[in-house]
$ cat coords.pdb   # PDB, C-alpha atoms, pLDDT in the B column
ATOM      1  CA  MET A  18      84.614  85.103 140.983  1.00 80.00           C
ATOM      2  CA  ALA A  19      82.413  85.714 137.969  1.00 86.00           C
ATOM      3  CA  THR A  20      80.708  89.088 137.716  1.00 93.00           C
ATOM      4  CA  VAL A  21      77.422  87.360 136.927  1.00 97.00           C
ATOM      5  CA  GLU A  22      76.818  83.643 136.895  1.00 97.00           C
ATOM      6  CA  LEU A  23      73.798  81.867 135.507  1.00 97.00           C
ATOM      7  CA  ARG A  24      72.813  78.234 135.857  1.00 97.00           C
ATOM      8  CA  PHE A  25      69.874  76.794 133.984  1.00 98.00           C
ATOM      9  CA  SER A  26      68.353  73.344 133.433  1.00 97.00           C
ATOM     10  CA  ALA A  27      69.604  72.018 130.099  1.00 97.00           C
ATOM     11  CA  LEU A  28      66.430  72.896 128.165  1.00 96.00           C
ATOM     12  CA  PRO A  29      66.125  74.821 124.875  1.00 97.00           C
ATOM     13  CA  GLU A  30      63.622  77.362 126.251  1.00 96.00           C
ATOM     14  CA  HIS A  31      66.242  78.848 128.593  1.00 97.00           C
ATOM     15  CA  VAL A  32      68.887  79.564 125.960  1.00 98.00           C
ATOM     16  CA  ARG A  33      67.260  82.856 125.000  1.00 97.00           C
ATOM     17  CA  THR A  34      67.439  84.030 128.614  1.00 97.00           C
ATOM     18  CA  ALA A  35      71.168  83.241 128.691  1.00 98.00           C
ATOM     19  CA  ARG A  36      71.700  85.249 125.473  1.00 97.00           C
ATOM     20  CA  LEU A  37      69.860  88.258 126.843  1.00 97.00           C
ATOM     21  CA  VAL A  38      71.665  88.214 130.197  1.00 98.00           C
ATOM     22  CA  ALA A  39      75.083  87.803 128.569  1.00 98.00           C
ATOM     23  CA  ALA A  40      74.474  90.708 126.199  1.00 98.00           C
ATOM     24  CA  ALA A  41      73.188  92.948 128.994  1.00 97.00           C
ATOM     25  CA  VAL A  42      76.181  92.250 131.263  1.00 97.00           C
ATOM     26  CA  ALA A  43      78.622  92.638 128.352  1.00 97.00           C
ATOM     27  CA  ARG A  44      77.124  96.000 127.402  1.00 97.00           C
ATOM     28  CA  ARG A  45      77.484  97.227 130.955  1.00 95.00           C
ATOM     29  CA  ALA A  46      81.077  95.976 131.070  1.00 95.00           C
ATOM     30  CA  GLY A  47      81.948  98.167 128.091  1.00 95.00           C
ATOM     31  CA  VAL A  48      81.996  95.651 125.246  1.00 96.00           C
ATOM     32  CA  ASP A  49      81.539  97.601 122.031  1.00 95.00           C
ATOM     33  CA  GLU A  50      77.964  97.832 120.744  1.00 93.00           C
ATOM     34  CA  SER A  51      79.102  96.658 117.318  1.00 91.00           C
ATOM     35  CA  VAL A  52      80.075  93.201 118.627  1.00 94.00           C
ATOM     36  CA  LEU A  53      77.120  92.637 120.960  1.00 96.00           C
ATOM     37  CA  ASP A  54      75.130  90.882 118.220  1.00 94.00           C
ATOM     38  CA  GLU A  55      78.021  88.488 117.665  1.00 95.00           C
ATOM     39  CA  LEU A  56      78.472  87.936 121.383  1.00 97.00           C
ATOM     40  CA  ARG A  57      74.757  87.197 121.783  1.00 96.00           C
ATOM     41  CA  LEU A  58      74.909  84.691 118.925  1.00 97.00           C
ATOM     42  CA  ALA A  59      78.103  83.022 120.194  1.00 97.00           C
ATOM     43  CA  VAL A  60      76.682  82.588 123.700  1.00 98.00           C
ATOM     44  CA  GLY A  61      73.481  81.184 122.217  1.00 97.00           C
ATOM     45  CA  GLU A  62      75.455  78.699 120.134  1.00 97.00           C
ATOM     46  CA  ALA A  63      77.539  77.581 123.104  1.00 97.00           C
ATOM     47  CA  CYS A  64      74.413  77.142 125.249  1.00 98.00           C
ATOM     48  CA  SER A  65      72.509  75.338 122.468  1.00 96.00           C
ATOM     49  CA  ARG A  66      75.442  72.972 122.064  1.00 95.00           C
ATOM     50  CA  ALA A  67      75.509  72.305 125.802  1.00 95.00           C
ATOM     51  CA  VAL A  68      71.745  71.644 125.861  1.00 96.00           C
ATOM     52  CA  ALA A  69      72.060  69.311 122.857  1.00 94.00           C
ATOM     53  CA  LEU A  70      74.880  67.357 124.524  1.00 93.00           C
ATOM     54  CA  HIS A  71      72.747  66.834 127.622  1.00 95.00           C
ATOM     55  CA  GLN A  72      69.763  65.702 125.567  1.00 93.00           C
ATOM     56  CA  ARG A  73      71.807  63.421 123.321  1.00 91.00           C
ATOM     57  CA  ASN A  74      73.531  61.736 126.238  1.00 90.00           C
ATOM     58  CA  GLY A  75      70.318  61.536 128.235  1.00 92.00           C
ATOM     59  CA  VAL A  76      71.971  63.357 131.106  1.00 91.00           C
ATOM     60  CA  GLU A  77      70.110  65.709 133.397  1.00 90.00           C
ATOM     61  CA  GLY A  78      71.978  68.631 134.810  1.00 93.00           C
ATOM     62  CA  ALA A  79      72.600  72.300 134.351  1.00 96.00           C
ATOM     63  CA  VAL A  80      74.366  74.581 131.939  1.00 97.00           C
ATOM     64  CA  ARG A  81      76.541  77.163 133.649  1.00 97.00           C
ATOM     65  CA  VAL A  82      77.272  80.517 132.065  1.00 98.00           C
ATOM     66  CA  ALA A  83      79.930  82.571 133.831  1.00 98.00           C
ATOM     67  CA  LEU A  84      80.329  86.197 132.756  1.00 98.00           C
ATOM     68  CA  THR A  85      83.503  87.792 134.053  1.00 98.00           C
ATOM     69  CA  GLU A  86      84.555  91.384 133.694  1.00 96.00           C
ATOM     70  CA  GLN A  87      88.319  91.643 133.561  1.00 94.00           C
ATOM     71  CA  GLU A  88      90.413  94.764 133.206  1.00 91.00           C
ATOM     72  CA  LYS A  89      90.706  94.585 129.437  1.00 94.00           C
ATOM     73  CA  ARG A  90      88.613  91.595 128.409  1.00 96.00           C
ATOM     74  CA  PHE A  91      85.097  90.357 128.957  1.00 97.00           C
ATOM     75  CA  LEU A  92      85.212  86.609 129.513  1.00 98.00           C
ATOM     76  CA  ILE A  93      82.361  84.174 128.957  1.00 98.00           C
ATOM     77  CA  GLU A  94      82.504  80.512 129.951  1.00 97.00           C
ATOM     78  CA  VAL A  95      79.756  78.073 129.055  1.00 97.00           C
ATOM     79  CA  ALA A  96      80.076  74.707 130.780  1.00 96.00           C
ATOM     80  CA  ASP A  97      77.917  71.618 130.464  1.00 96.00           C
ATOM     81  CA  GLU A  98      77.505  68.625 132.761  1.00 94.00           C
ATOM     82  CA  ALA A  99      76.981  66.121 129.961  1.00 91.00           C
ATOM     83  CA  GLY A 100      80.054  64.059 130.853  1.00 83.00           C
ATOM     84  CA  PRO A 101      83.662  64.100 129.663  1.00 72.00           C
ATOM     85  CA  GLY A 102      84.594  64.166 125.997  1.00 60.00           C
ATOM     86  CA  HIS A 103      81.181  63.595 124.464  1.00 52.00           C
ATOM     87  CA  THR A 104      80.534  64.233 120.812  1.00 52.00           C
ATOM     88  CA  GLY A 105      77.717  63.159 118.538  1.00 47.00           C
ATOM     89  CA  ALA A 106      77.552  59.662 117.115  1.00 51.00           C
ATOM     90  CA  PRO A 107      79.571  59.553 113.871  1.00 53.00           C
ATOM     91  CA  GLY A 108      77.537  60.367 110.806  1.00 54.00           C
ATOM     92  CA  SER A 109      74.487  61.435 112.766  1.00 59.00           C
ATOM     93  CA  GLY A 110      72.569  64.598 112.022  1.00 66.00           C
ATOM     94  CA  ALA A 111      73.332  65.722 115.545  1.00 70.00           C
ATOM     95  CA  GLU A 112      77.024  65.726 114.732  1.00 72.00           C
ATOM     96  CA  ASP A 113      76.369  67.947 111.684  1.00 76.00           C
ATOM     97  CA  GLU A 114      74.483  70.430 113.840  1.00 77.00           C
ATOM     98  CA  ASP A 115      77.235  70.378 116.417  1.00 82.00           C
ATOM     99  CA  ALA A 116      79.800  71.123 113.706  1.00 87.00           C
ATOM    100  CA  LEU A 117      77.656  73.972 112.354  1.00 90.00           C
ATOM    101  CA  GLY A 118      77.337  75.466 115.834  1.00 92.00           C
ATOM    102  CA  LEU A 119      81.074  75.326 116.412  1.00 92.00           C
ATOM    103  CA  ALA A 120      81.662  76.796 112.935  1.00 92.00           C
ATOM    104  CA  VAL A 121      79.514  79.787 113.882  1.00 94.00           C
ATOM    105  CA  ILE A 122      81.366  80.267 117.182  1.00 95.00           C
ATOM    106  CA  THR A 123      84.854  80.011 115.704  1.00 94.00           C
ATOM    107  CA  GLY A 124      83.796  82.190 112.756  1.00 93.00           C
ATOM    108  CA  LEU A 125      82.533  84.922 115.073  1.00 93.00           C
ATOM    109  CA  VAL A 126      84.914  84.906 118.003  1.00 96.00           C
ATOM    110  CA  GLU A 127      88.637  85.539 117.676  1.00 94.00           C
ATOM    111  CA  ASP A 128      89.509  84.341 121.149  1.00 96.00           C
ATOM    112  CA  VAL A 129      87.779  81.015 121.723  1.00 96.00           C
ATOM    113  CA  GLU A 130      88.814  77.770 123.344  1.00 96.00           C
ATOM    114  CA  VAL A 131      86.819  74.535 123.389  1.00 93.00           C
ATOM    115  CA  GLY A 132      87.899  72.259 126.215  1.00 92.00           C
ATOM    116  CA  ASN A 133      86.801  69.389 128.360  1.00 86.00           C
ATOM    117  CA  GLY A 134      86.449  69.169 132.100  1.00 76.00           C
ATOM    118  CA  ALA A 135      85.536  66.321 134.430  1.00 76.00           C
ATOM    119  CA  ASP A 136      81.816  67.106 134.246  1.00 86.00           C
ATOM    120  CA  GLY A 137      81.646  67.976 130.567  1.00 92.00           C
ATOM    121  CA  GLY A 138      82.750  70.492 127.974  1.00 93.00           C
ATOM    122  CA  VAL A 139      83.682  74.110 128.525  1.00 95.00           C
ATOM    123  CA  ILE A 140      83.705  76.834 125.876  1.00 96.00           C
ATOM    124  CA  ARG A 141      85.706  79.934 126.808  1.00 97.00           C
ATOM    125  CA  MET A 142      85.364  83.096 124.792  1.00 98.00           C
ATOM    126  CA  SER A 143      86.495  86.642 125.360  1.00 98.00           C
ATOM    127  CA  TRP A 144      86.006  90.059 123.845  1.00 97.00           C
ATOM    128  CA  PRO A 145      87.883  93.306 124.341  1.00 96.00           C
ATOM    129  CA  VAL A 146      86.436  95.952 126.591  1.00 95.00           C
ATOM    130  CA  SER A 147      86.770  99.512 125.374  1.00 84.00           C
ATOM    131  CA  PRO A 148      87.763 101.627 128.404  1.00 72.00           C
ATOM    132  CA  ALA A 149      86.142 104.773 127.022  1.00 65.00           C
ATOM    133  CA  SER A 150      82.684 103.265 127.078  1.00 52.00           C
ATOM    134  CA  VAL A 151      82.787 101.682 130.540  1.00 50.00           C
ATOM    135  CA  THR A 152      79.716 102.671 132.479  1.00 54.00           C
ATOM    136  CA  VAL A 153      80.649 104.239 135.782  1.00 54.00           C
TER     137      VAL A 153
ATOM    138  CA  MET B 287      59.895  87.204 121.198  1.00 65.00           C
ATOM    139  CA  ASP B 288      58.678  83.998 119.634  1.00 88.00           C
ATOM    140  CA  LEU B 289      58.675  82.693 116.099  1.00 96.00           C
ATOM    141  CA  SER B 290      55.913  83.677 113.692  1.00 97.00           C
ATOM    142  CA  LEU B 291      55.159  81.780 110.508  1.00 98.00           C
ATOM    143  CA  SER B 292      52.735  82.426 107.677  1.00 98.00           C
ATOM    144  CA  THR B 293      52.514  80.937 104.216  1.00 98.00           C
ATOM    145  CA  ARG B 294      51.024  82.088 100.939  1.00 97.00           C
ATOM    146  CA  THR B 295      51.112  80.908  97.356  1.00 97.00           C
ATOM    147  CA  VAL B 296      52.519  83.047  94.546  1.00 96.00           C
ATOM    148  CA  GLY B 297      52.230  81.240  91.214  1.00 93.00           C
ATOM    149  CA  ASP B 298      53.962  77.890  91.636  1.00 93.00           C
ATOM    150  CA  ARG B 299      55.950  79.109  94.652  1.00 97.00           C
ATOM    151  CA  THR B 300      55.066  78.867  98.287  1.00 98.00           C
ATOM    152  CA  VAL B 301      56.289  81.830 100.303  1.00 98.00           C
ATOM    153  CA  VAL B 302      56.967  81.212 103.994  1.00 98.00           C
ATOM    154  CA  GLU B 303      57.189  84.467 105.911  1.00 98.00           C
ATOM    155  CA  VAL B 304      59.227  84.008 109.074  1.00 98.00           C
ATOM    156  CA  GLY B 305      59.380  86.534 111.891  1.00 98.00           C
ATOM    157  CA  GLY B 306      61.020  86.706 115.308  1.00 97.00           C
ATOM    158  CA  GLU B 307      63.789  84.498 116.615  1.00 97.00           C
ATOM    159  CA  ILE B 308      64.870  81.187 115.090  1.00 97.00           C
ATOM    160  CA  ASP B 309      66.877  79.380 117.745  1.00 97.00           C
ATOM    161  CA  VAL B 310      67.226  76.012 119.439  1.00 96.00           C
ATOM    162  CA  TYR B 311      63.798  76.450 121.042  1.00 97.00           C
ATOM    163  CA  THR B 312      61.779  77.746 118.087  1.00 97.00           C
ATOM    164  CA  ALA B 313      63.530  76.019 115.154  1.00 97.00           C
ATOM    165  CA  PRO B 314      61.481  72.792 115.512  1.00 97.00           C
ATOM    166  CA  LYS B 315      58.345  74.839 114.618  1.00 97.00           C
ATOM    167  CA  LEU B 316      59.975  75.987 111.395  1.00 98.00           C
ATOM    168  CA  ARG B 317      61.100  72.410 110.679  1.00 98.00           C
ATOM    169  CA  GLU B 318      57.512  71.150 111.129  1.00 98.00           C
ATOM    170  CA  GLN B 319      56.212  73.840 108.795  1.00 98.00           C
ATOM    171  CA  LEU B 320      58.722  73.013 106.045  1.00 98.00           C
ATOM    172  CA  VAL B 321      58.141  69.254 106.390  1.00 98.00           C
ATOM    173  CA  GLU B 322      54.380  69.778 106.206  1.00 98.00           C
ATOM    174  CA  LEU B 323      54.644  71.935 103.080  1.00 98.00           C
ATOM    175  CA  VAL B 324      56.821  69.380 101.303  1.00 98.00           C
ATOM    176  CA  ASN B 325      54.544  66.505 102.378  1.00 98.00           C
ATOM    177  CA  ASP B 326      51.623  68.455 100.895  1.00 97.00           C
ATOM    178  CA  GLY B 327      53.418  68.679  97.558  1.00 97.00           C
ATOM    179  CA  ASN B 328      54.884  72.199  97.767  1.00 98.00           C
ATOM    180  CA  TYR B 329      58.365  71.748  96.319  1.00 98.00           C
ATOM    181  CA  HIS B 330      59.274  75.331  95.402  1.00 98.00           C
ATOM    182  CA  LEU B 331      59.705  77.294  98.588  1.00 98.00           C
ATOM    183  CA  VAL B 332      60.715  80.889  99.229  1.00 98.00           C
ATOM    184  CA  VAL B 333      61.600  81.589 102.841  1.00 98.00           C
ATOM    185  CA  ASP B 334      61.238  85.303 103.551  1.00 98.00           C
ATOM    186  CA  MET B 335      63.565  86.136 106.447  1.00 98.00           C
ATOM    187  CA  GLU B 336      63.148  89.910 106.461  1.00 97.00           C
ATOM    188  CA  GLY B 337      61.256  89.751 109.759  1.00 97.00           C
ATOM    189  CA  VAL B 338      63.814  87.524 111.478  1.00 98.00           C
ATOM    190  CA  ASP B 339      65.565  89.172 114.437  1.00 95.00           C
ATOM    191  CA  PHE B 340      67.820  86.282 115.371  1.00 96.00           C
ATOM    192  CA  LEU B 341      69.092  83.155 113.638  1.00 97.00           C
ATOM    193  CA  ASP B 342      71.447  80.504 114.998  1.00 96.00           C
ATOM    194  CA  SER B 343      72.959  77.266 113.710  1.00 96.00           C
ATOM    195  CA  THR B 344      69.881  75.270 114.699  1.00 96.00           C
ATOM    196  CA  GLY B 345      67.902  77.465 112.304  1.00 97.00           C
ATOM    197  CA  LEU B 346      70.549  77.005 109.623  1.00 97.00           C
ATOM    198  CA  GLY B 347      70.278  73.239 110.130  1.00 96.00           C
ATOM    199  CA  VAL B 348      66.500  73.391 109.624  1.00 97.00           C
ATOM    200  CA  LEU B 349      66.896  75.388 106.396  1.00 98.00           C
ATOM    201  CA  VAL B 350      69.491  72.895 105.109  1.00 97.00           C
ATOM    202  CA  GLY B 351      67.081  70.076 106.004  1.00 97.00           C
ATOM    203  CA  GLY B 352      64.328  71.860 104.049  1.00 98.00           C
ATOM    204  CA  LEU B 353      66.611  72.246 101.065  1.00 98.00           C
ATOM    205  CA  LYS B 354      67.403  68.511 101.089  1.00 97.00           C
ATOM    206  CA  ARG B 355      63.698  67.688 101.202  1.00 98.00           C
ATOM    207  CA  VAL B 356      62.679  69.885  98.253  1.00 98.00           C
ATOM    208  CA  ARG B 357      65.676  68.745  96.211  1.00 97.00           C
ATOM    209  CA  ALA B 358      64.531  65.153  96.623  1.00 98.00           C
ATOM    210  CA  HIS B 359      61.500  66.296  94.582  1.00 97.00           C
ATOM    211  CA  GLU B 360      63.459  68.392  92.057  1.00 97.00           C
ATOM    212  CA  GLY B 361      62.291  71.447  93.975  1.00 97.00           C
ATOM    213  CA  SER B 362      63.945  74.635  95.205  1.00 97.00           C
ATOM    214  CA  LEU B 363      64.360  76.604  98.401  1.00 98.00           C
ATOM    215  CA  ARG B 364      65.215  80.277  98.074  1.00 98.00           C
ATOM    216  CA  LEU B 365      65.841  82.763 100.832  1.00 98.00           C
ATOM    217  CA  VAL B 366      64.970  86.440 101.001  1.00 98.00           C
ATOM    218  CA  CYS B 367      67.263  88.379 103.285  1.00 98.00           C
ATOM    219  CA  ASN B 368      68.810  91.846 103.323  1.00 96.00           C
ATOM    220  CA  GLN B 369      69.918  91.956 106.931  1.00 96.00           C
ATOM    221  CA  GLU B 370      73.676  92.056 107.253  1.00 94.00           C
ATOM    222  CA  ARG B 371      73.807  90.374 110.666  1.00 91.00           C
ATOM    223  CA  ILE B 372      71.788  87.421 109.350  1.00 96.00           C
ATOM    224  CA  LEU B 373      73.717  87.229 106.058  1.00 96.00           C
ATOM    225  CA  LYS B 374      76.959  87.108 108.020  1.00 95.00           C
ATOM    226  CA  ILE B 375      75.932  83.805 109.607  1.00 95.00           C
ATOM    227  CA  PHE B 376      75.363  82.295 106.166  1.00 96.00           C
ATOM    228  CA  ARG B 377      78.750  83.591 105.046  1.00 95.00           C
ATOM    229  CA  ILE B 378      80.849  82.275 107.926  1.00 94.00           C
ATOM    230  CA  THR B 379      79.304  78.822 107.598  1.00 94.00           C
ATOM    231  CA  GLY B 380      79.770  78.750 103.804  1.00 94.00           C
ATOM    232  CA  LEU B 381      76.026  78.438 103.260  1.00 96.00           C
ATOM    233  CA  THR B 382      75.847  81.407 100.879  1.00 96.00           C
ATOM    234  CA  LYS B 383      77.111  78.886  98.326  1.00 96.00           C
ATOM    235  CA  VAL B 384      74.300  76.483  99.154  1.00 96.00           C
ATOM    236  CA  PHE B 385      71.268  78.787  99.221  1.00 98.00           C
ATOM    237  CA  PRO B 386      70.169  81.247  96.573  1.00 98.00           C
ATOM    238  CA  ILE B 387      69.672  84.468  98.586  1.00 98.00           C
ATOM    239  CA  HIS B 388      67.498  87.221  97.114  1.00 98.00           C
ATOM    240  CA  ASN B 389      66.814  90.854  97.940  1.00 97.00           C
ATOM    241  CA  SER B 390      63.054  90.616  97.649  1.00 97.00           C
ATOM    242  CA  VAL B 391      60.222  88.097  97.497  1.00 97.00           C
ATOM    243  CA  ASP B 392      59.407  89.324  93.970  1.00 96.00           C
ATOM    244  CA  GLU B 393      62.947  88.561  92.854  1.00 97.00           C
ATOM    245  CA  ALA B 394      62.938  85.119  94.503  1.00 97.00           C
ATOM    246  CA  VAL B 395      59.568  84.223  92.999  1.00 96.00           C
ATOM    247  CA  ALA B 396      60.721  85.292  89.524  1.00 95.00           C
ATOM    248  CA  ALA B 397      64.044  83.429  89.751  1.00 93.00           C
ATOM    249  CA  THR B 398      64.296  80.246  87.746  1.00 85.00           C
ATOM    250  CA  ASP B 399      67.931  79.134  87.646  1.00 69.00           C
TER     251      ASP B 399
END

$ encode --input "coords.pdb" --output "structure tokens"
Amino acid sequence: MATVELRFSALPEHVRTARLVAAAVARRAGVDESVLDELRLAVGEACSRAVALHQRNGVEGAVRVALTEQEKRFLIEVADEAGPGHTGAPGSGAEDEDALGLAVITGLVEDVEVGNGADGGVIRMSWPVSPASVTV
Amino acid sequence: MDLSLSTRTVGDRTVVEVGGEIDVYTAPKLREQLVELVNDGNYHLVVDMEGVDFLDSTGLGVLVGGLKRVRAHEGSLRLVCNQERILKIFRITGLTKVFPIHNSVDEAVAATD
């Protein structure tokens, strides 16, 4: 089970909330302060992408953000419900933005996996947890 | 934290001072501002990002869109940014090669090449 799980309607105004929650839970889990900015940005990008996929496909639904504290890693999963295997229409501006968002995520996060589930896409990312800084 | 925007004219340049967070929610406001400036005939823009706390790819997309618009009129779009965490986003997306990035508004306003 995730340490903290967040579900929000696929609307842009909620992405900031997801960023703030993810960063707060990560800090508490012992993720190094120096990577929290990157983590916040990566979560925001993954959520923005999920929201955009919903809007582009005209699908209502929720974005799920699962934050899981493991022994040595802090795992974040961002899942959409925009349907299986959706990408932007070829040559559209939306596709450019999608590519830019993924470029930011893969540029920031060493351990990242972009996959597809039955309901939509899932982005899995993880960061190391430094044992010394774990809050007791 | 929301997005704040203010514009002023310095010589033939229009300086857009941006503050707060540029993300998927607030970026459309910045897009509107840039489109409006270009439609009003302001083709040499300086976007001052010193007050920006957060920038994501949606914001980058809006800046690229602004650049395309001013270039269609032989114009320019320069950025002012000294914040490492913001500069990093331009670097990892290769956009440091696309935008002239300056240390100060004075420098950006004086730049000609």

$ closest_residue --input "coords.pdb" --among "B:Pro386, B:Gly380, B:Gly361, B:Gly345" --to "B:His330" --atoms "all atoms listed in the file"
B:Gly361

$ closest_residue --input "coords.pdb" --among "B:Asp326, B:Glu336, B:Glu307, B:Asp298" --to "chain A" --atoms "all atoms listed in the file"
B:Glu307

$ closest_atom_pairs --input "coords.pdb" --of "chain A" --to "chain B" --cutoff "6 Å" --atoms "all atoms listed in the file" --output "tab-separated table"
residue	atom	partner	partner_atom	distance
A:Pro29	CA	B:Tyr311	CA	4.8
A:Glu30	CA	B:Tyr311	CA	5.3
A:Leu117	CA	B:Ser343	CA	5.9
A:Gly118	CA	B:Ser343	CA	5.2
A:Gly124	CA	B:Ile378	CA	5.7

$ residues_around --input "coords.pdb" --residues "A:Glu88" --least-positions-apart "4" --cutoff "10 Å" --atoms "all atoms listed in the file" --output "PyMOL selection string"
chain A and resi 46+145-148

$ write_last_selection --input "coords.pdb" --atoms "C-alpha atoms" --output "PDB file, in the coordinates of the input"
ATOM      1  CA  ALA A  46      81.077  95.976 131.070  1.00 95.00           C
ATOM      2  CA  PRO A 145      87.883  93.306 124.341  1.00 96.00           C
ATOM      3  CA  VAL A 146      86.436  95.952 126.591  1.00 95.00           C
ATOM      4  CA  SER A 147      86.770  99.512 125.374  1.00 84.00           C
ATOM      5  CA  PRO A 148      87.763 101.627 128.404  1.00 72.00           C
TER       6      PRO A 148
END

$ resolve_selection --input "coords.pdb" --expression "the PyMOL selection byres ((chain A and resi 66-78) around 6)" --output "ChimeraX atom specification"
/A:27-28,63-65,79,97-99

$ write_last_selection --input "coords.pdb" --atoms "C-alpha atoms" --output "mmCIF file, in the coordinates of the input"
data_model
loop_
_atom_site.group_PDB
_atom_site.id
_atom_site.type_symbol
_atom_site.label_atom_id
_atom_site.label_comp_id
_atom_site.auth_asym_id
_atom_site.auth_seq_id
_atom_site.Cartn_x
_atom_site.Cartn_y
_atom_site.Cartn_z
ATOM 1 C CA ALA A 27 69.604 72.018 130.099
ATOM 2 C CA LEU A 28 66.430 72.896 128.165
ATOM 3 C CA ALA A 63 77.539 77.581 123.104
ATOM 4 C CA CYS A 64 74.413 77.142 125.249
ATOM 5 C CA SER A 65 72.509 75.338 122.468
ATOM 6 C CA ALA A 79 72.600 72.300 134.351
ATOM 7 C CA ASP A 97 77.917 71.618 130.464
ATOM 8 C CA GLU A 98 77.505 68.625 132.761
ATOM 9 C CA ALA A 99 76.981 66.121 129.961
#

$ residues_around --input "coords.pdb" --residues "stretch 34-43 of chain A" --least-positions-apart "3" --cutoff "10 Å" --atoms "all atoms listed in the file" --output "ChimeraX atom specification"
/A:20-25,30-31,46-50,52-64,80-86,91-93,144,146

$ resolve_selection --input "coords.pdb" --expression "the PyMOL selection byres ((chain B and resi 356) around 12)" --output "PyMOL selection string"
chain B and resi 299-300+320-332+349-355+357-364

$ atom_distance --input "coords.pdb" --atom1 "atom CA of A:Glu94" --atom2 "atom CA of B:Leu316"
29.5 Å

$ atom_distance --input "coords.pdb" --atom1 "atom CA of B:Asn368" --atom2 "atom CA of B:Gly337"
10.1 Å

$ atom_distance --input "coords.pdb" --atom1 "atom CA of B:Gly306" --atom2 "atom CA of A:Arg44"
22.2 Å

$ resolve_selection --input "coords.pdb" --expression "the PyMOL selection byres ((chain B and resi 394) around 10)" --output "list in words"
Arg299, Val301, Leu331, Val332, Val333, Asp334, Leu363, Arg364, Leu365, Val366, Pro386, Ile387, His388, Asn389, Ser390, Val391, Asp392, Glu393, Val395, Ala396, Ala397 and Thr398 of chain B

$ closest_residue --input "coords.pdb" --among "A:Arg33, A:Ser26, A:Gln87, A:Val95" --to "A:Gly138" --atoms "all atoms listed in the file"
A:Val95
